[in-house]
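Shown below: target_14.txt, with compact mmCIF, N, CA and C atoms.
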# COMPACT_ATOMS: atom_id res chain seq x y z
N MET U 12 -12.80 28.89 10.15
CA MET U 12 -12.00 27.71 9.86
C MET U 12 -12.52 26.54 10.70
N ALA U 13 -12.35 25.33 10.14
CA ALA U 13 -12.81 24.12 10.82
C ALA U 13 -11.71 23.07 10.76
N ARG U 14 -11.39 22.53 11.91
CA ARG U 14 -10.42 21.42 11.95
C ARG U 14 -11.17 20.15 11.59
N ILE U 15 -10.62 19.43 10.59
CA ILE U 15 -11.27 18.19 10.15
C ILE U 15 -10.22 17.10 9.96
N PHE U 16 -10.58 15.91 10.40
CA PHE U 16 -9.74 14.72 10.29
C PHE U 16 -10.12 13.99 9.01
N PHE U 17 -9.15 13.80 8.13
CA PHE U 17 -9.36 13.00 6.93
C PHE U 17 -8.58 11.70 7.08
N ASN U 18 -9.18 10.59 6.63
CA ASN U 18 -8.53 9.29 6.77
C ASN U 18 -8.64 8.47 5.49
N GLY U 19 -8.88 9.13 4.36
CA GLY U 19 -9.03 8.40 3.11
C GLY U 19 -8.48 9.16 1.92
N GLN U 20 -9.32 9.40 0.96
CA GLN U 20 -8.91 9.94 -0.33
C GLN U 20 -8.41 11.38 -0.30
N ALA U 21 -8.67 12.14 0.76
CA ALA U 21 -8.18 13.52 0.85
C ALA U 21 -6.79 13.61 1.47
N MET U 22 -6.27 12.49 1.98
CA MET U 22 -4.94 12.51 2.57
C MET U 22 -3.88 12.69 1.48
N VAL U 23 -2.67 13.05 1.93
CA VAL U 23 -1.54 13.20 1.01
C VAL U 23 -1.43 11.96 0.12
N GLY U 24 -1.35 12.16 -1.17
CA GLY U 24 -1.26 11.07 -2.13
C GLY U 24 -2.60 10.59 -2.66
N GLY U 25 -3.68 11.02 -2.03
CA GLY U 25 -5.02 10.61 -2.46
C GLY U 25 -5.55 11.49 -3.58
N PRO U 26 -6.55 11.02 -4.29
CA PRO U 26 -7.07 11.75 -5.45
C PRO U 26 -7.74 13.09 -5.12
N PHE U 27 -8.15 13.30 -3.89
CA PHE U 27 -8.81 14.56 -3.53
C PHE U 27 -7.93 15.47 -2.67
N HIS U 28 -6.68 15.10 -2.50
CA HIS U 28 -5.80 15.88 -1.64
C HIS U 28 -5.58 17.31 -2.17
N ALA U 29 -5.52 17.48 -3.46
CA ALA U 29 -5.23 18.81 -4.02
C ALA U 29 -6.22 19.87 -3.53
N SER U 30 -7.45 19.48 -3.26
CA SER U 30 -8.45 20.47 -2.85
C SER U 30 -8.27 20.93 -1.39
N VAL U 31 -7.41 20.24 -0.62
CA VAL U 31 -7.18 20.61 0.78
C VAL U 31 -5.70 20.71 1.14
N ALA U 32 -4.82 20.54 0.17
CA ALA U 32 -3.38 20.46 0.44
C ALA U 32 -2.85 21.64 1.25
N ASP U 33 -3.31 22.83 0.95
CA ASP U 33 -2.79 24.01 1.65
C ASP U 33 -3.32 24.14 3.08
N ALA U 34 -4.24 23.28 3.48
CA ALA U 34 -4.83 23.33 4.82
C ALA U 34 -4.29 22.23 5.75
N LEU U 35 -3.31 21.46 5.29
CA LEU U 35 -2.77 20.36 6.07
C LEU U 35 -2.06 20.85 7.32
N ILE U 36 -2.44 20.28 8.47
CA ILE U 36 -1.73 20.53 9.72
C ILE U 36 -0.70 19.43 9.93
N GLY U 37 -1.11 18.17 9.74
CA GLY U 37 -0.17 17.06 9.86
C GLY U 37 -0.83 15.76 10.22
N PRO U 38 -0.04 14.69 10.31
CA PRO U 38 -0.59 13.37 10.65
C PRO U 38 -1.04 13.32 12.10
N VAL U 39 -2.14 12.61 12.34
CA VAL U 39 -2.69 12.43 13.69
C VAL U 39 -3.35 11.06 13.76
N ARG U 40 -3.75 10.70 14.96
CA ARG U 40 -4.52 9.47 15.20
C ARG U 40 -5.75 9.86 16.01
N THR U 41 -6.79 9.08 15.85
CA THR U 41 -7.94 9.26 16.72
C THR U 41 -7.57 8.76 18.11
N ALA U 42 -8.36 9.14 19.08
CA ALA U 42 -8.26 8.51 20.39
C ALA U 42 -8.75 7.07 20.23
N PRO U 43 -8.46 6.18 21.16
CA PRO U 43 -9.08 4.85 21.10
C PRO U 43 -10.60 4.99 21.14
N GLY U 44 -11.28 4.04 20.53
CA GLY U 44 -12.74 4.07 20.57
C GLY U 44 -13.39 4.16 19.20
N TYR U 45 -12.70 3.66 18.18
CA TYR U 45 -13.24 3.73 16.81
C TYR U 45 -13.07 2.41 16.08
N ARG U 46 -14.01 2.13 15.22
CA ARG U 46 -13.92 1.03 14.26
C ARG U 46 -13.80 1.67 12.89
N PHE U 47 -13.34 0.89 11.90
CA PHE U 47 -13.03 1.43 10.59
C PHE U 47 -13.55 0.46 9.53
N PHE U 48 -14.18 0.99 8.49
CA PHE U 48 -14.80 0.17 7.46
C PHE U 48 -14.41 0.63 6.07
N SER U 49 -14.36 -0.31 5.14
CA SER U 49 -14.16 0.01 3.72
C SER U 49 -15.53 0.09 3.06
N ILE U 50 -15.74 1.18 2.35
CA ILE U 50 -16.99 1.34 1.59
C ILE U 50 -16.66 0.99 0.14
N GLY U 51 -16.86 -0.27 -0.20
CA GLY U 51 -16.60 -0.74 -1.56
C GLY U 51 -15.17 -0.58 -2.02
N ASP U 52 -14.22 -0.53 -1.09
CA ASP U 52 -12.80 -0.32 -1.39
C ASP U 52 -12.56 0.98 -2.14
N VAL U 53 -13.50 1.92 -2.03
CA VAL U 53 -13.37 3.25 -2.64
C VAL U 53 -12.97 4.29 -1.61
N CYS U 54 -13.57 4.21 -0.44
CA CYS U 54 -13.26 5.15 0.63
C CYS U 54 -13.53 4.47 1.98
N PRO U 55 -12.96 5.03 3.05
CA PRO U 55 -13.19 4.45 4.36
C PRO U 55 -14.32 5.14 5.11
N GLY U 56 -14.82 4.45 6.12
CA GLY U 56 -15.82 5.00 7.02
C GLY U 56 -15.42 4.75 8.46
N LEU U 57 -15.33 5.81 9.22
CA LEU U 57 -14.98 5.74 10.64
C LEU U 57 -16.25 5.61 11.45
N LEU U 58 -16.22 4.80 12.50
CA LEU U 58 -17.41 4.59 13.33
C LEU U 58 -17.03 4.67 14.80
N PRO U 59 -17.59 5.64 15.55
CA PRO U 59 -17.35 5.67 16.99
C PRO U 59 -17.84 4.37 17.62
N ALA U 60 -17.01 3.82 18.50
CA ALA U 60 -17.34 2.55 19.15
C ALA U 60 -16.85 2.62 20.59
N PRO U 61 -17.67 3.21 21.47
CA PRO U 61 -17.26 3.30 22.88
C PRO U 61 -16.83 1.92 23.40
N GLY U 62 -15.73 1.91 24.08
CA GLY U 62 -15.22 0.65 24.61
C GLY U 62 -14.18 0.00 23.72
N ALA U 63 -14.14 0.37 22.44
CA ALA U 63 -13.12 -0.18 21.54
C ALA U 63 -11.76 0.38 21.92
N VAL U 64 -10.73 -0.40 21.78
CA VAL U 64 -9.39 0.05 22.15
C VAL U 64 -8.60 0.54 20.94
N THR U 65 -9.21 0.51 19.77
CA THR U 65 -8.49 0.84 18.55
C THR U 65 -8.57 2.33 18.21
N ALA U 66 -7.50 2.80 17.60
CA ALA U 66 -7.41 4.16 17.07
C ALA U 66 -7.12 4.05 15.58
N VAL U 67 -7.39 5.11 14.84
CA VAL U 67 -7.23 5.10 13.39
C VAL U 67 -6.33 6.27 12.98
N GLU U 68 -5.41 6.01 12.07
CA GLU U 68 -4.52 7.06 11.60
C GLU U 68 -5.19 7.90 10.53
N GLY U 69 -4.75 9.14 10.43
CA GLY U 69 -5.25 10.06 9.42
C GLY U 69 -4.44 11.33 9.43
N GLU U 70 -5.04 12.38 8.90
CA GLU U 70 -4.38 13.68 8.84
C GLU U 70 -5.37 14.75 9.27
N LEU U 71 -4.84 15.78 9.92
CA LEU U 71 -5.66 16.89 10.39
C LEU U 71 -5.47 18.09 9.46
N TYR U 72 -6.59 18.71 9.14
CA TYR U 72 -6.61 19.87 8.25
C TYR U 72 -7.39 20.99 8.91
N ASP U 73 -7.12 22.23 8.52
CA ASP U 73 -7.87 23.39 8.99
C ASP U 73 -8.41 24.09 7.75
N VAL U 74 -9.66 23.82 7.43
CA VAL U 74 -10.25 24.31 6.18
C VAL U 74 -11.29 25.39 6.46
N PRO U 75 -11.45 26.34 5.54
CA PRO U 75 -12.53 27.31 5.69
C PRO U 75 -13.89 26.60 5.66
N LEU U 76 -14.81 27.07 6.48
CA LEU U 76 -16.15 26.47 6.51
C LEU U 76 -16.81 26.49 5.14
N GLU U 77 -16.57 27.55 4.38
CA GLU U 77 -17.16 27.64 3.05
C GLU U 77 -16.64 26.53 2.14
N HIS U 78 -15.36 26.21 2.27
CA HIS U 78 -14.77 25.13 1.47
C HIS U 78 -15.36 23.78 1.89
N LEU U 79 -15.53 23.61 3.19
CA LEU U 79 -16.17 22.40 3.69
C LEU U 79 -17.57 22.27 3.11
N ARG U 80 -18.33 23.34 3.17
CA ARG U 80 -19.72 23.33 2.68
C ARG U 80 -19.81 23.17 1.16
N ASP U 81 -18.98 23.91 0.43
CA ASP U 81 -19.14 23.99 -1.03
C ASP U 81 -18.36 22.94 -1.82
N VAL U 82 -17.27 22.44 -1.26
CA VAL U 82 -16.41 21.52 -2.01
C VAL U 82 -16.36 20.13 -1.39
N ILE U 83 -16.06 20.06 -0.11
CA ILE U 83 -15.84 18.76 0.52
C ILE U 83 -17.14 17.97 0.70
N LEU U 84 -18.10 18.55 1.40
CA LEU U 84 -19.33 17.81 1.70
C LEU U 84 -20.10 17.35 0.46
N PRO U 85 -20.22 18.18 -0.59
CA PRO U 85 -20.95 17.69 -1.78
C PRO U 85 -20.29 16.49 -2.46
N GLY U 86 -18.98 16.30 -2.23
CA GLY U 86 -18.27 15.18 -2.86
C GLY U 86 -18.24 13.92 -2.02
N GLU U 87 -18.78 13.97 -0.82
CA GLU U 87 -18.74 12.80 0.05
C GLU U 87 -19.85 11.81 -0.33
N PRO U 88 -19.57 10.50 -0.22
CA PRO U 88 -20.59 9.51 -0.56
C PRO U 88 -21.73 9.51 0.46
N ALA U 89 -22.88 9.03 0.04
CA ALA U 89 -24.07 8.99 0.89
C ALA U 89 -23.88 8.13 2.13
N GLU U 90 -22.91 7.23 2.10
CA GLU U 90 -22.67 6.34 3.24
C GLU U 90 -21.99 7.05 4.42
N LEU U 91 -21.56 8.29 4.21
CA LEU U 91 -20.86 9.04 5.24
C LEU U 91 -21.65 10.27 5.65
N GLU U 92 -21.42 10.71 6.91
CA GLU U 92 -22.03 11.94 7.40
C GLU U 92 -21.01 12.67 8.28
N LEU U 93 -21.17 13.97 8.39
CA LEU U 93 -20.26 14.78 9.19
C LEU U 93 -20.54 14.59 10.67
N GLY U 94 -19.49 14.43 11.45
CA GLY U 94 -19.62 14.28 12.89
C GLY U 94 -18.41 14.84 13.59
N VAL U 95 -18.35 14.65 14.89
CA VAL U 95 -17.25 15.13 15.72
C VAL U 95 -16.58 13.93 16.37
N ILE U 96 -15.25 13.91 16.32
CA ILE U 96 -14.48 12.81 16.91
C ILE U 96 -13.48 13.36 17.92
N GLU U 97 -12.85 12.42 18.63
CA GLU U 97 -11.78 12.78 19.56
C GLU U 97 -10.45 12.29 18.99
N LEU U 98 -9.46 13.17 19.03
CA LEU U 98 -8.12 12.81 18.59
C LEU U 98 -7.32 12.27 19.77
N ALA U 99 -6.16 11.67 19.46
CA ALA U 99 -5.32 11.06 20.49
C ALA U 99 -4.90 12.06 21.56
N ASP U 100 -4.79 13.35 21.21
CA ASP U 100 -4.39 14.35 22.20
C ASP U 100 -5.56 14.84 23.05
N GLY U 101 -6.74 14.27 22.83
CA GLY U 101 -7.92 14.63 23.61
C GLY U 101 -8.75 15.75 23.01
N SER U 102 -8.27 16.39 21.95
CA SER U 102 -9.02 17.47 21.32
C SER U 102 -10.10 16.91 20.40
N ALA U 103 -11.06 17.75 20.09
CA ALA U 103 -12.17 17.36 19.20
C ALA U 103 -11.96 18.00 17.83
N CYS U 104 -12.49 17.34 16.81
CA CYS U 104 -12.48 17.91 15.47
C CYS U 104 -13.60 17.24 14.66
N LEU U 105 -13.85 17.78 13.51
CA LEU U 105 -14.83 17.19 12.60
C LEU U 105 -14.22 15.99 11.89
N SER U 106 -15.07 15.11 11.40
CA SER U 106 -14.65 13.98 10.59
C SER U 106 -15.87 13.42 9.86
N MET U 107 -15.62 12.76 8.76
CA MET U 107 -16.69 12.05 8.09
C MET U 107 -16.81 10.68 8.75
N LEU U 108 -18.04 10.34 9.16
CA LEU U 108 -18.31 9.10 9.88
C LEU U 108 -19.25 8.22 9.07
N LEU U 109 -19.21 6.93 9.34
CA LEU U 109 -20.17 6.02 8.73
C LEU U 109 -21.56 6.48 9.15
N ALA U 110 -22.42 6.71 8.19
CA ALA U 110 -23.75 7.26 8.46
C ALA U 110 -24.61 6.28 9.26
N ARG U 111 -25.53 6.85 10.02
CA ARG U 111 -26.47 6.02 10.79
C ARG U 111 -27.18 5.05 9.85
N GLY U 112 -27.28 3.82 10.28
CA GLY U 112 -27.96 2.78 9.51
C GLY U 112 -27.06 2.03 8.55
N GLU U 113 -25.88 2.53 8.27
CA GLU U 113 -24.97 1.87 7.32
C GLU U 113 -24.41 0.56 7.87
N LEU U 114 -24.06 0.53 9.14
CA LEU U 114 -23.50 -0.68 9.74
C LEU U 114 -24.50 -1.82 9.65
N GLU U 115 -25.75 -1.52 9.88
CA GLU U 115 -26.80 -2.54 9.88
C GLU U 115 -27.03 -3.16 8.49
N LYS U 116 -26.62 -2.48 7.45
CA LYS U 116 -26.76 -3.02 6.09
C LYS U 116 -25.87 -4.23 5.87
N GLY U 117 -24.78 -4.30 6.63
CA GLY U 117 -23.89 -5.45 6.54
C GLY U 117 -23.11 -5.55 5.25
N VAL U 118 -22.91 -4.44 4.54
CA VAL U 118 -22.23 -4.49 3.25
C VAL U 118 -20.82 -3.91 3.28
N HIS U 119 -20.44 -3.31 4.39
CA HIS U 119 -19.13 -2.67 4.48
C HIS U 119 -18.17 -3.56 5.25
N ARG U 120 -17.01 -3.80 4.66
CA ARG U 120 -16.01 -4.68 5.26
C ARG U 120 -15.29 -3.95 6.39
N GLU U 121 -15.23 -4.58 7.55
CA GLU U 121 -14.49 -3.97 8.67
C GLU U 121 -13.00 -4.11 8.42
N ILE U 122 -12.29 -2.98 8.54
CA ILE U 122 -10.84 -2.95 8.30
C ILE U 122 -10.10 -2.35 9.50
N THR U 123 -10.74 -2.35 10.65
CA THR U 123 -10.15 -1.77 11.86
C THR U 123 -8.76 -2.32 12.13
N GLU U 124 -8.56 -3.60 11.92
CA GLU U 124 -7.29 -4.25 12.23
C GLU U 124 -6.10 -3.63 11.50
N TYR U 125 -6.34 -2.94 10.39
CA TYR U 125 -5.25 -2.34 9.62
C TYR U 125 -4.81 -1.00 10.19
N GLY U 126 -5.64 -0.35 10.99
CA GLY U 126 -5.27 0.89 11.64
C GLY U 126 -5.33 2.14 10.78
N GLY U 127 -5.57 1.96 9.49
CA GLY U 127 -5.64 3.11 8.61
C GLY U 127 -5.90 2.70 7.17
N TRP U 128 -6.30 3.67 6.38
CA TRP U 128 -6.67 3.44 4.98
C TRP U 128 -5.46 3.00 4.14
N ARG U 129 -4.33 3.65 4.32
CA ARG U 129 -3.14 3.30 3.53
C ARG U 129 -2.72 1.85 3.78
N ALA U 130 -2.72 1.45 5.03
CA ALA U 130 -2.33 0.06 5.36
C ALA U 130 -3.31 -0.93 4.73
N TYR U 131 -4.60 -0.59 4.74
CA TYR U 131 -5.59 -1.47 4.11
C TYR U 131 -5.37 -1.53 2.60
N LEU U 132 -5.19 -0.36 1.97
CA LEU U 132 -4.98 -0.36 0.51
C LEU U 132 -3.75 -1.16 0.12
N ALA U 133 -2.74 -1.16 0.95
CA ALA U 133 -1.51 -1.92 0.66
C ALA U 133 -1.82 -3.42 0.54
N THR U 134 -2.81 -3.91 1.29
CA THR U 134 -3.18 -5.32 1.20
C THR U 134 -3.86 -5.63 -0.13
N LEU U 135 -4.37 -4.60 -0.78
CA LEU U 135 -5.01 -4.75 -2.09
C LEU U 135 -4.04 -4.45 -3.23
N GLY U 136 -2.80 -4.11 -2.87
CA GLY U 136 -1.81 -3.75 -3.89
C GLY U 136 -2.02 -2.37 -4.45
N ARG U 137 -2.67 -1.50 -3.67
CA ARG U 137 -2.95 -0.12 -4.11
C ARG U 137 -2.33 0.87 -3.13
N THR U 138 -2.21 2.11 -3.57
CA THR U 138 -1.75 3.19 -2.70
C THR U 138 -2.81 4.28 -2.68
N ALA U 139 -2.74 5.09 -1.64
CA ALA U 139 -3.72 6.20 -1.51
C ALA U 139 -3.40 7.30 -2.48

Written as structure tokens, how would this file's structure read?
Amino acid sequence: MARIFFNGQAMVGGPFHASVADALIGPVRTAPGYRFFSIGDVCPGLLPAPGAVTAVEGELYDVPLEHLRDVILPGEPAELELGVIELADGSACLSMLLARGELEKGVHREITEYGGWRAYLATLGRTA
């Protein structure tokens, strides 16, 4: 089993939640030290940013590694890569992060100020 932080479409109410619903542990926040980006208003990208005071909301899941390998990772966009983050309680878990080189492209809108994907989508008149 692998603990993974989801902060976008796999969260409760999102289009991909059904594939992980039975693995939900509950809502969590990252530790401070992250920036957050919208990838074409389709999905979010989390970016470690040492020194940043911001945290991002999401949900923690405990999924079988096979499910992560066979279902979750193949469906992730090329702009994201698997990494390890710190949660507010100090523990570590997996998460999809903005891939190396993506920030430098300058095409992803920073949405850190919203604190989470749902809050950002609300500004667009959408829900997760």

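Residue nearest U:Ala21 within the list U:Leu76, U:Glu70, U:Ala110, U:Ala63: U:Glu70 [criterion: smallest interatomic distance, only N, CA and C atoms].
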
Do you know which residues lie at most 7 Å from (-15.5, 24.0, 8.7), with coordinates as in the file and all atoms listed in the file counted, and could you write them as a list in words?
Met12, Ala13, Arg14, Ile15, Val74, Pro75, Leu76, Glu77, His78, Leu79 and Arg80 of chain U

DSSP says strand (DSSP E) for which residues of stretch 25-91 of chain U? Put them as a PyMOL selection string?
chain U and resi 35-40+45-50+54-59+68-74+91

Okay, now the selection with N, CA and C atoms, as a compact mmCIF listing (two decimals), keeping the file's coordinate frame?
# COMPACT_ATOMS: atom_id res chain seq x y z
N LEU U 35 -3.31 21.46 5.29
CA LEU U 35 -2.77 20.36 6.07
C LEU U 35 -2.06 20.85 7.32
N ILE U 36 -2.44 20.28 8.47
CA ILE U 36 -1.73 20.53 9.72
C ILE U 36 -0.70 19.43 9.93
N GLY U 37 -1.11 18.17 9.74
CA GLY U 37 -0.17 17.06 9.86
C GLY U 37 -0.83 15.76 10.22
N PRO U 38 -0.04 14.69 10.31
CA PRO U 38 -0.59 13.37 10.65
C PRO U 38 -1.04 13.32 12.10
N VAL U 39 -2.14 12.61 12.34
CA VAL U 39 -2.69 12.43 13.69
C VAL U 39 -3.35 11.06 13.76
N ARG U 40 -3.75 10.70 14.96
CA ARG U 40 -4.52 9.47 15.20
C ARG U 40 -5.75 9.86 16.01
N TYR U 45 -12.70 3.66 18.18
CA TYR U 45 -13.24 3.73 16.81
C TYR U 45 -13.07 2.41 16.08
N ARG U 46 -14.01 2.13 15.22
CA ARG U 46 -13.92 1.03 14.26
C ARG U 46 -13.80 1.67 12.89
N PHE U 47 -13.34 0.89 11.90
CA PHE U 47 -13.03 1.43 10.59
C PHE U 47 -13.55 0.46 9.53
N PHE U 48 -14.18 0.99 8.49
CA PHE U 48 -14.80 0.17 7.46
C PHE U 48 -14.41 0.63 6.07
N SER U 49 -14.36 -0.31 5.14
CA SER U 49 -14.16 0.01 3.72
C SER U 49 -15.53 0.09 3.06
N ILE U 50 -15.74 1.18 2.35
CA ILE U 50 -16.99 1.34 1.59
C ILE U 50 -16.66 0.99 0.14
N CYS U 54 -13.57 4.21 -0.44
CA CYS U 54 -13.26 5.15 0.63
C CYS U 54 -13.53 4.47 1.98
N PRO U 55 -12.96 5.03 3.05
CA PRO U 55 -13.19 4.45 4.36
C PRO U 55 -14.32 5.14 5.11
N GLY U 56 -14.82 4.45 6.12
CA GLY U 56 -15.82 5.00 7.02
C GLY U 56 -15.42 4.75 8.46
N LEU U 57 -15.33 5.81 9.22
CA LEU U 57 -14.98 5.74 10.64
C LEU U 57 -16.25 5.61 11.45
N LEU U 58 -16.22 4.80 12.50
CA LEU U 58 -17.41 4.59 13.33
C LEU U 58 -17.03 4.67 14.80
N PRO U 59 -17.59 5.64 15.55
CA PRO U 59 -17.35 5.67 16.99
C PRO U 59 -17.84 4.37 17.62
N GLU U 68 -5.41 6.01 12.07
CA GLU U 68 -4.52 7.06 11.60
C GLU U 68 -5.19 7.90 10.53
N GLY U 69 -4.75 9.14 10.43
CA GLY U 69 -5.25 10.06 9.42
C GLY U 69 -4.44 11.33 9.43
N GLU U 70 -5.04 12.38 8.90
CA GLU U 70 -4.38 13.68 8.84
C GLU U 70 -5.37 14.75 9.27
N LEU U 71 -4.84 15.78 9.92
CA LEU U 71 -5.66 16.89 10.39
C LEU U 71 -5.47 18.09 9.46
N TYR U 72 -6.59 18.71 9.14
CA TYR U 72 -6.61 19.87 8.25
C TYR U 72 -7.39 20.99 8.91
N ASP U 73 -7.12 22.23 8.52
CA ASP U 73 -7.87 23.39 8.99
C ASP U 73 -8.41 24.09 7.75
N VAL U 74 -9.66 23.82 7.43
CA VAL U 74 -10.25 24.31 6.18
C VAL U 74 -11.29 25.39 6.46
N LEU U 91 -21.56 8.29 4.21
CA LEU U 91 -20.86 9.04 5.24
C LEU U 91 -21.65 10.27 5.65

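Within a radius of 6 Å around (-14.8, 6.4, 22.3), the polymer residues are U:Pro43, U:Gly44, U:Tyr45, U:Pro59, U:Ala60, U:Pro61, U:Gly62, counting all atoms listed in the file.
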
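Counting from atom C of U:Met22, the distance to atom CA of U:Arg111 is 25.3 Å.
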
Counting all atoms listed in the file, figure out which residue out of U:Gly94, U:Gly86, U:Gly25, U:Gly127 gets nearest to U:Met107.
U:Gly94

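The space between atom N of U:Val95 and atom N of U:Leu109 spans 9.5 Å.
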
One decimal, in Å: what's the spacing between atom CA of U:Arg46 and atom C of U:Val31?
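Value for the atom CA of U:Arg46-atom C of U:Val31 distance: 25.0 Å.
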
Given all atoms listed in the file as the basis, pick out the residue of U:Gly51, U:Gly126, U:Gly136, U:Gly56 nearest to U:Leu91.
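Among U:Gly51, U:Gly126, U:Gly136, U:Gly56, it is U:Gly56 that comes nearest to U:Leu91.
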
Nearest residue to U:Leu58 out of U:Asn18, U:Val39, U:Leu108, U:Arg129, using only N, CA and C atoms?
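Of U:Asn18, U:Val39, U:Leu108, U:Arg129, the one nearest U:Leu58, counting only N, CA and C atoms, is U:Leu108.
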
List the spatial neighbours of U:Asp33 as a list of chain:residue names - criterion: any atom at most 8 Å away, all atoms listed in the file, same-chain residues fewer than 5 positions off excluded.
U:His28, U:Tyr72, U:Asp73, U:Val74

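Of the residues listed (U:Ala139, U:Leu35, U:Ala133, U:Ile122), U:Ile122 shows the shortest atom-to-atom separation from U:Ile50; distances use only C-alpha atoms.
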
I'd like to know which of U:Leu132, U:Leu71, U:Leu98, U:Leu93 is closest to U:Ala34, using only C-alpha atoms.
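Selected residue with least distance to U:Ala34: U:Leu71.
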
From the DSSP assignment of the backbone, select every residue of stretch 62-138 of chain U that is helix (DSSP H, G or I), and format the answer as a compact mmCIF listing (two decimals) with N, CA and C atoms, keeping the file's coordinate frame.
# COMPACT_ATOMS: atom_id res chain seq x y z
N LEU U 76 -14.81 27.07 6.48
CA LEU U 76 -16.15 26.47 6.51
C LEU U 76 -16.81 26.49 5.14
N GLU U 77 -16.57 27.55 4.38
CA GLU U 77 -17.16 27.64 3.05
C GLU U 77 -16.64 26.53 2.14
N HIS U 78 -15.36 26.21 2.27
CA HIS U 78 -14.77 25.13 1.47
C HIS U 78 -15.36 23.78 1.89
N LEU U 79 -15.53 23.61 3.19
CA LEU U 79 -16.17 22.40 3.69
C LEU U 79 -17.57 22.27 3.11
N ARG U 80 -18.33 23.34 3.17
CA ARG U 80 -19.72 23.33 2.68
C ARG U 80 -19.81 23.17 1.16
N ASP U 81 -18.98 23.91 0.43
CA ASP U 81 -19.14 23.99 -1.03
C ASP U 81 -18.36 22.94 -1.82
N VAL U 82 -17.27 22.44 -1.26
CA VAL U 82 -16.41 21.52 -2.01
C VAL U 82 -16.36 20.13 -1.39
N ILE U 83 -16.06 20.06 -0.11
CA ILE U 83 -15.84 18.76 0.52
C ILE U 83 -17.14 17.97 0.70
N LEU U 84 -18.10 18.55 1.40
CA LEU U 84 -19.33 17.81 1.70
C LEU U 84 -20.10 17.35 0.46
N PRO U 85 -20.22 18.18 -0.59
CA PRO U 85 -20.95 17.69 -1.78
C PRO U 85 -20.29 16.49 -2.46
N GLY U 86 -18.98 16.30 -2.23
CA GLY U 86 -18.27 15.18 -2.86
C GLY U 86 -18.24 13.92 -2.02
N GLU U 113 -25.88 2.53 8.27
CA GLU U 113 -24.97 1.87 7.32
C GLU U 113 -24.41 0.56 7.87
N LEU U 114 -24.06 0.53 9.14
CA LEU U 114 -23.50 -0.68 9.74
C LEU U 114 -24.50 -1.82 9.65
N GLU U 115 -25.75 -1.52 9.88
CA GLU U 115 -26.80 -2.54 9.88
C GLU U 115 -27.03 -3.16 8.49
N LYS U 116 -26.62 -2.48 7.45
CA LYS U 116 -26.76 -3.02 6.09
C LYS U 116 -25.87 -4.23 5.87
N THR U 123 -10.74 -2.35 10.65
CA THR U 123 -10.15 -1.77 11.86
C THR U 123 -8.76 -2.32 12.13
N GLU U 124 -8.56 -3.60 11.92
CA GLU U 124 -7.29 -4.25 12.23
C GLU U 124 -6.10 -3.63 11.50
N TYR U 125 -6.34 -2.94 10.39
CA TYR U 125 -5.25 -2.34 9.62
C TYR U 125 -4.81 -1.00 10.19
N TRP U 128 -6.30 3.67 6.38
CA TRP U 128 -6.67 3.44 4.98
C TRP U 128 -5.46 3.00 4.14
N ARG U 129 -4.33 3.65 4.32
CA ARG U 129 -3.14 3.30 3.53
C ARG U 129 -2.72 1.85 3.78
N ALA U 130 -2.72 1.45 5.03
CA ALA U 130 -2.33 0.06 5.36
C ALA U 130 -3.31 -0.93 4.73
N TYR U 131 -4.60 -0.59 4.74
CA TYR U 131 -5.59 -1.47 4.11
C TYR U 131 -5.37 -1.53 2.60
N LEU U 132 -5.19 -0.36 1.97
CA LEU U 132 -4.98 -0.36 0.51
C LEU U 132 -3.75 -1.16 0.12
N ALA U 133 -2.74 -1.16 0.95
CA ALA U 133 -1.51 -1.92 0.66
C ALA U 133 -1.82 -3.42 0.54
N THR U 134 -2.81 -3.91 1.29
CA THR U 134 -3.18 -5.32 1.20
C THR U 134 -3.86 -5.63 -0.13
